[in-house]
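Worksheet: one structure, shown below.
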Amino acid sequence: MSERRVENELDKGYEPARVEPHWARWWEEQGFFHAQDVSEKPAFSMVLPPPNVTGSLHLGHALTATIEDVLARWKRMSGFNVCWMPGIDHAGIATQMVVERELQKKEGKSRHDLGREEFLRRVWRWKEQSGNRIAEQHRALGASLDWERERFTMDEDSSRAVREAFVRLHEDGLLYRAERLINWCVKDGTALSDLEVDHEEGVKSELYKFAYPLADGSGEIVVATTRPETMLGDTAVAVHPDDPRYKAMIGKNVRHPISGRELPIIADAELVDPKFGTGAVKVTPAHSFEDFESGKRHHLQFLNILNLDGTLNENAGPFQGQDRIKVRGPLKQRLAELGLDRGTEPHTMSLGRCQRCNSIVEPLMSKQWFVKTRPLAQQVVENVDEMKFVPENWRAELLRWMNNIHDWCISRQLWWGHQIPAWYCENGHVIVARKTPTACPECGSTQLAQDPDVLDTWFSSGLWPFSTFGWPDDTPALRTFYPNSVMETGFDILFFWVARMAMLGLHFMHEVPFRTVFLHAMVRDKNGEKMSKTRGNVIDPLDITAKYGADALRFTLASMAGQGRDIKLDEDRIKGYRFFANKIWNAARFVLMNAEGYDPRARPASIYDRWIISRFQRCAEETRSALEQFQLSDAANGIYQFIWNELCDWAIELSKPALYGEKTPQERAGAQVALFTALEGSLRLLHPFMPFVTEEIWQRLPNRSGRSIMLAPFPGPGPRDLEAEREMDLISRAIDGARSVRGEINLPPNQRIPLVLFTRDKAAFERHERAFRHLANASEVTLKGFDEPRPGQAAVHVEPEVEVHLPLAGLIDFAAEQARVEKEIARTEAELQGLRKRLDNAGFVARAPQEVVEKDRARAEELAGKREKLARHLARVTTVEAAMEDKNPQQAMPEELGMHRGPPATDQSSGTAGTARPIPEPGGAAQAETSDESLAARAERVVSRVKSIAQGLMEKLPSVDEVVSKASQARDKAVKKTKSAAAKLKARSAARGAKKARKKAARKTARAKTGSKRKPSSRKGKK
Ligand SMILES: [Zn+2]
Ligand SMILES: [Zn+2]
């Protein structure tokens, strides 16, 4: 029996740790992750960026795995033959360092003590023991990788591919060995490619000046340098050819004060900037990339002064044996003794450091292997349109690099890696071969030695999209899965990896290696800081999954994947999605507990049934379209909204009377079918993001079909019921309004109160009377016509089609409440004043850490919003009636800061005395008008406006009819205005001369535009 058995009942709480490992194992054992080499289904392929064998899962890996697994699961459910290729990178230098360190610690030996062969044996042993940890960690995340195909960059097949690629590039004239200036790490004892050097900018340093005496004794020439010690390797002094100061010296010689050598003074317009330093520079062709080029132009001597360990060699004369950094002091002292020191000035510079060990990288002359990259890059430039880029701007980045590319130094002086397939005979012939040669084809010598160096790790991973599918053989898998469908990785390795795969893929396979390049952002802490051990802000994904489950971590990462270059991760958010998993669990429990007599053939009966099924269809459509655009965060957030708000908060609540048998059997059956349909469907939508909890629930549903949710079809398009959606939109807005007004006047949640609805369509609301009782906790619901008079002492929520009145008399002690609210307002205002004072202080804003200022600003906004709400509430308790025209009193804060609203309220209470103001366009004029104001000034305005609203309402109590009629005039206009042109409304308003109403209309229009907000996590601003 291959099915995993689950209990029919759901436990009371969802425990990810008990569930996740079982499903991960079961899916893999069942072969659900495995792709067919040949299949009727369309192919979808990706290669996982092979993590380093030394690695342990960090958030970057978790993000990569999450995004790719979402794509893989979605495509698999959509009928694709999905191959997501797992692999591990041998990570040459990193691994060698780990094993060397361990060797030193445990046995006190270096790799040289063991010798190459024994050392490599130890590395392999280490790899077998410790190197698979990261694969296990990927399994625990639920990554549906095709584990049967798992590869290692040093396994036999990969090694064969690497050797083949090297030999072919050599045959094609794209590979050469030459003595060149390269980046050398003295600590790791190896060459590095340009990309492996990090440039530390803005390093405070000094510009040191010293004099070279002219050889003929006619004077001196002063040079300026940031690295005085390299003067030991100088072979010229260069000036600009047009510099009048030095024109006469060009062609003369100077005498080296340490070695006594004579060096020429040359003119080099490319090298020398006459405005820099003294206008004369020393030239060290063997230790500077710029000087190297100058040395070639002028046929200078290339004098190497460094040993490979960073000490000075015999060319340094008296300084031989000293470290190249420590020698600076003694050298300067010697020059001073010789009377040649000409002073220093401060200088900032950029310093190249080894990416791996952080030591200062030395340009060094060395014989290395290089890939001639220009012809390869040219192919990428010509074929770049064969690839889609997400986000699109990376295309230009890639092209920029391709157009400025340098040859790629691929040899590394390490032991761990692919040893270079080149052999040297005793007569200096070079043999590059697929198989180990026995004799030199040129001289017949059998004294052959293989090049001891290994290849750059990125050389083997550059072949990954095709070497993993069998290349150099022409295999069915290669034909099926190349080009890969998507290459998804962090943008930080665009050049390291993506560019090299593109170059090598096009060269060897004559086709781009992937159709889509999808680059994701970097994960940072909640303040946008890079996570690092020294900062102590690292979030370890393993801790997180232990605490909240892999589903919660995955959902968090996916829902944030849409953020530009940084993903600011906050543990609270992960915790929030852990609650989300629980929410679904509880919803499923409820539905299953009320499943008795479930008949899958039943038809949806009520408008609630039709509505939730239609909303599910809408969510499915939006999810698919977001995924097709690689907008994973939009997809995740959309599903979240649907499940949390519509399914759990509304549909389940609305179906309770039917499920509890308070309605007809048909209605009960209809509610069961609707809930199971929406639940089962939304689990399938959610599955790619949260594979575990969805499988755990799905296996218990009576309406599932198939063995696993991961094989079930991804929800497709289906019919919508727009009529039901329209009606429910109206009802839900009214209920939401009643709820938020309840919240604002601090009614205990369980206190039932009567509701009075003034509506144009009594019949529609009559159908939903129970919903109001149930969801707005109404003791009774009275329906009235729109033209009937409004009672006093009521809190009101206004929608275009309905006004919801909560009569307050008898519910609260007005005097006590007034005292309480006034106190609260005073407290809020005091805090707000304090904050504003700080924020208005330019010195504070400039000096304080960014996050502190941000925090203060956010708090000020919060307080201003709170202040306004309190004032509104105060108006309610201090007046016999109040026209509450807020569409949604729990509106987001920024709107409450007056950014989108019309004229300040001071005008509102001043009767007809004020001058007419133009009606601002929504978010237009009003926003422009205030956009330059400081936040504090805006807050100030809000406070004064709020004050006057409250005062106005307290002092001036118009008759009930007056208020209501003005409110409804304003509302009518607002509605019309949103629908028709603003000018039309202006004209009409002017005609009526109702200035007050017009202002209200403008405010309301602006507000209406912002829409309602009742979501724990809004989609807004996450693009
Ligand atoms: Zn290093
Ligand atoms: Zn030979």
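Naming works like this for the structure tokens: A, B, ... for the chains as they're shown, residue 1 at the start of each chain, ligands 1 onward in shown order.
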Cut-off 9 Å, only C-alpha atoms and all ligand atoms, neighbours of ligand 2 as a compact mmCIF listing (two decimals) with C-alpha atoms, in the first residue's frame:
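Result file follows (result_35.txt):
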```txt
# COMPACT_ATOMS: atom_id res chain seq x y z
CA TYR A 424 53.88 19.29 -20.51
CA CYS A 425 56.76 17.26 -21.93
CA GLU A 426 60.36 17.80 -20.95
CA ASN A 427 60.86 19.76 -24.18
CA GLY A 428 58.20 22.26 -23.28
CA HIS A 429 55.47 20.98 -25.61
CA VAL A 430 51.91 21.39 -24.35
CA ILE A 431 49.39 18.60 -24.89
CA ALA A 439 53.79 10.23 -25.15
CA CYS A 440 54.30 13.70 -26.57
CA PRO A 441 52.92 13.74 -30.13
CA GLU A 442 55.60 16.25 -31.16
CA CYS A 443 58.81 14.77 -29.76
CA GLY A 444 57.69 11.36 -28.57
CA SER A 445 58.86 12.04 -25.06
CA THR A 446 57.19 9.94 -22.40
CA GLN A 447 58.28 12.26 -19.61
CA LEU A 448 54.92 14.02 -19.25
```
Test item: residues lying within 7 Å of ligand 1 with only C-alpha atoms and all ligand atoms, as JSON, numbers by chain: {"A": [185, 186, 187, 188, 354, 355, 356, 357, 358, 359]}
Residue neighbourhood Ala635 (chain A), 6 Å, only C-alpha atoms, exclusion window fewer than 2 positions, as a PyMOL selection string: chain A and resi 623+626+632-633+637-638
Do you have the CA of Leu506 (chain A)-CA of Trp84 (chain A) distance handy?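 Interatomic distance, CA of Leu506 (chain A) to CA of Trp84 (chain A): 21.1 Å.
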Identify, on the basis of only C-alpha atoms, every residue whose closest approach to region 303-314 of chain A does not exceed 9 Å; exclude the query and any residue fewer than 3 positions from it along the same chain; express the result as a PyMOL selection string. chain A and resi 184-190+230+232-235+284-287+317-325+327+362+364-365
Next, the residues of the selection above should be written as a PDB file, in the first residue's frame with N, CA and C atoms.
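Contents of part.pdb, as written:
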```pdb
ATOM      1  N   TRP A 184      46.107  37.910  -7.508  1.00  0.00           N
ATOM      2  CA  TRP A 184      46.680  36.814  -6.731  1.00  0.00           C
ATOM      3  C   TRP A 184      46.326  36.980  -5.257  1.00  0.00           C
ATOM      4  N   CYS A 185      45.806  35.899  -4.666  1.00  0.00           N
ATOM      5  CA  CYS A 185      45.582  35.936  -3.219  1.00  0.00           C
ATOM      6  C   CYS A 185      46.766  35.264  -2.545  1.00  0.00           C
ATOM      7  N   VAL A 186      47.522  36.051  -1.769  1.00  0.00           N
ATOM      8  CA  VAL A 186      48.742  35.495  -1.169  1.00  0.00           C
ATOM      9  C   VAL A 186      48.395  34.523  -0.049  1.00  0.00           C
ATOM     10  N   LYS A 187      47.241  34.695   0.542  1.00  0.00           N
ATOM     11  CA  LYS A 187      46.873  33.825   1.652  1.00  0.00           C
ATOM     12  C   LYS A 187      46.416  32.458   1.142  1.00  0.00           C
ATOM     13  N   ASP A 188      45.542  32.499   0.118  1.00  0.00           N
ATOM     14  CA  ASP A 188      45.049  31.241  -0.429  1.00  0.00           C
ATOM     15  C   ASP A 188      46.016  30.650  -1.454  1.00  0.00           C
ATOM     16  N   GLY A 189      46.997  31.459  -1.869  1.00  0.00           N
ATOM     17  CA  GLY A 189      47.987  30.963  -2.810  1.00  0.00           C
ATOM     18  C   GLY A 189      47.417  30.580  -4.159  1.00  0.00           C
ATOM     19  N   THR A 190      46.492  31.392  -4.649  1.00  0.00           N
ATOM     20  CA  THR A 190      45.910  31.071  -5.954  1.00  0.00           C
ATOM     21  C   THR A 190      45.566  32.324  -6.725  1.00  0.00           C
ATOM     22  N   THR A 230      56.006  49.375  -3.928  1.00  0.00           N
ATOM     23  CA  THR A 230      56.145  48.784  -5.258  1.00  0.00           C
ATOM     24  C   THR A 230      57.224  49.483  -6.076  1.00  0.00           C
ATOM     25  N   LEU A 232      60.113  49.271  -5.677  1.00  0.00           N
ATOM     26  CA  LEU A 232      61.187  48.291  -5.853  1.00  0.00           C
ATOM     27  C   LEU A 232      61.072  47.581  -7.199  1.00  0.00           C
ATOM     28  N   GLY A 233      59.852  47.605  -7.757  1.00  0.00           N
ATOM     29  CA  GLY A 233      59.657  46.969  -9.060  1.00  0.00           C
ATOM     30  C   GLY A 233      59.448  47.969 -10.182  1.00  0.00           C
ATOM     31  N   ASP A 234      59.706  49.247  -9.929  1.00  0.00           N
ATOM     32  CA  ASP A 234      59.525  50.255 -10.981  1.00  0.00           C
ATOM     33  C   ASP A 234      60.505  50.019 -12.127  1.00  0.00           C
ATOM     34  N   THR A 235      59.990  50.216 -13.347  1.00  0.00           N
ATOM     35  CA  THR A 235      60.912  50.119 -14.492  1.00  0.00           C
ATOM     36  C   THR A 235      60.801  51.344 -15.386  1.00  0.00           C
ATOM     37  N   THR A 284      55.075  50.400 -12.629  1.00  0.00           N
ATOM     38  CA  THR A 284      55.432  49.068 -12.118  1.00  0.00           C
ATOM     39  C   THR A 284      54.675  48.026 -12.943  1.00  0.00           C
ATOM     40  N   PRO A 285      55.134  47.699 -14.119  1.00  0.00           N
ATOM     41  CA  PRO A 285      54.323  46.879 -15.039  1.00  0.00           C
ATOM     42  C   PRO A 285      53.973  45.506 -14.483  1.00  0.00           C
ATOM     43  N   ALA A 286      54.770  44.980 -13.572  1.00  0.00           N
ATOM     44  CA  ALA A 286      54.489  43.628 -13.094  1.00  0.00           C
ATOM     45  C   ALA A 286      53.554  43.607 -11.882  1.00  0.00           C
ATOM     46  N   HIS A 287      53.121  44.809 -11.406  1.00  0.00           N
ATOM     47  CA  HIS A 287      52.288  44.818 -10.207  1.00  0.00           C
ATOM     48  C   HIS A 287      51.119  45.804 -10.259  1.00  0.00           C
ATOM     49  N   GLY A 317      66.182  43.457  -3.373  1.00  0.00           N
ATOM     50  CA  GLY A 317      67.469  43.804  -2.796  1.00  0.00           C
ATOM     51  C   GLY A 317      67.471  43.692  -1.288  1.00  0.00           C
ATOM     52  N   PRO A 318      67.815  44.778  -0.597  1.00  0.00           N
ATOM     53  CA  PRO A 318      67.944  44.693   0.862  1.00  0.00           C
ATOM     54  C   PRO A 318      66.624  44.358   1.571  1.00  0.00           C
ATOM     55  N   PHE A 319      65.514  44.498   0.876  1.00  0.00           N
ATOM     56  CA  PHE A 319      64.213  44.245   1.522  1.00  0.00           C
ATOM     57  C   PHE A 319      63.711  42.819   1.288  1.00  0.00           C
ATOM     58  N   GLN A 320      64.507  42.003   0.652  1.00  0.00           N
ATOM     59  CA  GLN A 320      64.088  40.634   0.343  1.00  0.00           C
ATOM     60  C   GLN A 320      63.619  39.906   1.605  1.00  0.00           C
ATOM     61  N   GLY A 321      62.540  39.153   1.464  1.00  0.00           N
ATOM     62  CA  GLY A 321      62.062  38.345   2.575  1.00  0.00           C
ATOM     63  C   GLY A 321      61.027  39.043   3.455  1.00  0.00           C
ATOM     64  N   GLN A 322      60.918  40.366   3.309  1.00  0.00           N
ATOM     65  CA  GLN A 322      59.919  41.074   4.127  1.00  0.00           C
ATOM     66  C   GLN A 322      58.529  40.992   3.484  1.00  0.00           C
ATOM     67  N   ASP A 323      57.497  41.101   4.322  1.00  0.00           N
ATOM     68  CA  ASP A 323      56.129  41.087   3.783  1.00  0.00           C
ATOM     69  C   ASP A 323      55.858  42.371   3.014  1.00  0.00           C
ATOM     70  N   ARG A 324      55.106  42.239   1.920  1.00  0.00           N
ATOM     71  CA  ARG A 324      54.929  43.392   1.016  1.00  0.00           C
ATOM     72  C   ARG A 324      54.150  44.516   1.672  1.00  0.00           C
ATOM     73  N   ILE A 325      53.386  44.224   2.726  1.00  0.00           N
ATOM     74  CA  ILE A 325      52.641  45.311   3.368  1.00  0.00           C
ATOM     75  C   ILE A 325      53.460  45.920   4.499  1.00  0.00           C
ATOM     76  N   VAL A 327      56.597  46.133   4.716  1.00  0.00           N
ATOM     77  CA  VAL A 327      57.840  46.757   4.282  1.00  0.00           C
ATOM     78  C   VAL A 327      57.685  48.259   4.037  1.00  0.00           C
ATOM     79  N   GLU A 362      46.929  40.927  -4.728  1.00  0.00           N
ATOM     80  CA  GLU A 362      48.091  41.493  -5.413  1.00  0.00           C
ATOM     81  C   GLU A 362      48.034  41.198  -6.900  1.00  0.00           C
ATOM     82  N   LEU A 364      49.802  40.234 -10.026  1.00  0.00           N
ATOM     83  CA  LEU A 364      51.035  39.469 -10.102  1.00  0.00           C
ATOM     84  C   LEU A 364      51.178  38.886 -11.504  1.00  0.00           C
ATOM     85  N   MET A 365      52.427  38.839 -11.993  1.00  0.00           N
ATOM     86  CA  MET A 365      52.672  38.202 -13.277  1.00  0.00           C
ATOM     87  C   MET A 365      52.661  36.700 -13.059  1.00  0.00           C
TER      88      MET A 365
END
```
Which one is closest to Arg684 (chain A): A:Val852, A:Cys619, A:Ile405, A:Ala651? Count only C-alpha atoms. A:Cys619
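For region 467-562 of chain A, backbone-based DSSP assignment of strand (DSSP E) covers Asn484, Ser485, Val486, Met487, Glu488, Thr489, Gly490, Phe514, Arg515, Thr516, Val517, Phe518, Leu519, His520, Met522, Val523 and Arg524 of chain A.
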List the neighbours of Ile697 (chain A) out to 10 Å using only C-alpha atoms; skip same-chain residues closer than 2 positions along the sequence, and give me the result as a PyMOL selection string. chain A and resi 6+8-10+584-585+588-589+592+679-680+683+692-695+699-701+709
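Minimum atom-to-atom distance to Glu40 (chain A), evaluated using only C-alpha atoms, belongs to A:Val82 out of A:Val82, A:Ile612, A:Met97, A:Leu59.
With CA of Gly295 (chain A) on one side and CA of Asp268 (chain A) on the other, the separation reads 10.2 Å.
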Any idea what's packed within 8 Å of region 575-581 of chain A, counting only C-alpha atoms, ignoring anything in its chain fewer than 6 positions away? Could you give it as number ranges by chain? A: 14, 548-549, 551-553, 555-556, 644, 693
Residues near His406 (chain A), anyone? I mean within 10 Å using only C-alpha atoms, not counting same-chain ones fewer than 6 positions away, as a list in words.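 Those residues are Ser193, Asp194, Phe370, Val371, Lys372, Thr373, Arg374 and Ala377 of chain A.
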Write out, as a PDB file, in the first residue's frame, the residues just selected, with N, CA and C atoms.
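result_35.pdb written:
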```
ATOM      1  N   SER A 193      39.729  35.187 -10.435  1.00  0.00           N
ATOM      2  CA  SER A 193      39.187  35.928 -11.575  1.00  0.00           C
ATOM      3  C   SER A 193      38.785  37.318 -11.090  1.00  0.00           C
ATOM      4  N   ASP A 194      38.579  38.229 -12.038  1.00  0.00           N
ATOM      5  CA  ASP A 194      38.195  39.595 -11.669  1.00  0.00           C
ATOM      6  C   ASP A 194      36.998  39.590 -10.712  1.00  0.00           C
ATOM      7  N   PHE A 370      43.628  30.986 -19.786  1.00  0.00           N
ATOM      8  CA  PHE A 370      42.572  31.981 -19.974  1.00  0.00           C
ATOM      9  C   PHE A 370      41.580  31.532 -21.038  1.00  0.00           C
ATOM     10  N   VAL A 371      40.326  31.882 -20.828  1.00  0.00           N
ATOM     11  CA  VAL A 371      39.323  31.720 -21.889  1.00  0.00           C
ATOM     12  C   VAL A 371      39.220  33.052 -22.614  1.00  0.00           C
ATOM     13  N   LYS A 372      39.294  32.975 -23.925  1.00  0.00           N
ATOM     14  CA  LYS A 372      39.154  34.179 -24.747  1.00  0.00           C
ATOM     15  C   LYS A 372      37.658  34.488 -24.807  1.00  0.00           C
ATOM     16  N   THR A 373      37.220  35.454 -24.041  1.00  0.00           N
ATOM     17  CA  THR A 373      35.772  35.594 -23.851  1.00  0.00           C
ATOM     18  C   THR A 373      35.069  36.457 -24.896  1.00  0.00           C
ATOM     19  N   ARG A 374      35.820  37.306 -25.596  1.00  0.00           N
ATOM     20  CA  ARG A 374      35.122  38.221 -26.514  1.00  0.00           C
ATOM     21  C   ARG A 374      34.244  37.512 -27.540  1.00  0.00           C
ATOM     22  N   ALA A 377      31.233  36.131 -25.744  1.00  0.00           N
ATOM     23  CA  ALA A 377      30.309  37.189 -25.305  1.00  0.00           C
ATOM     24  C   ALA A 377      29.538  37.743 -26.496  1.00  0.00           C
TER      25      ALA A 377
END
```
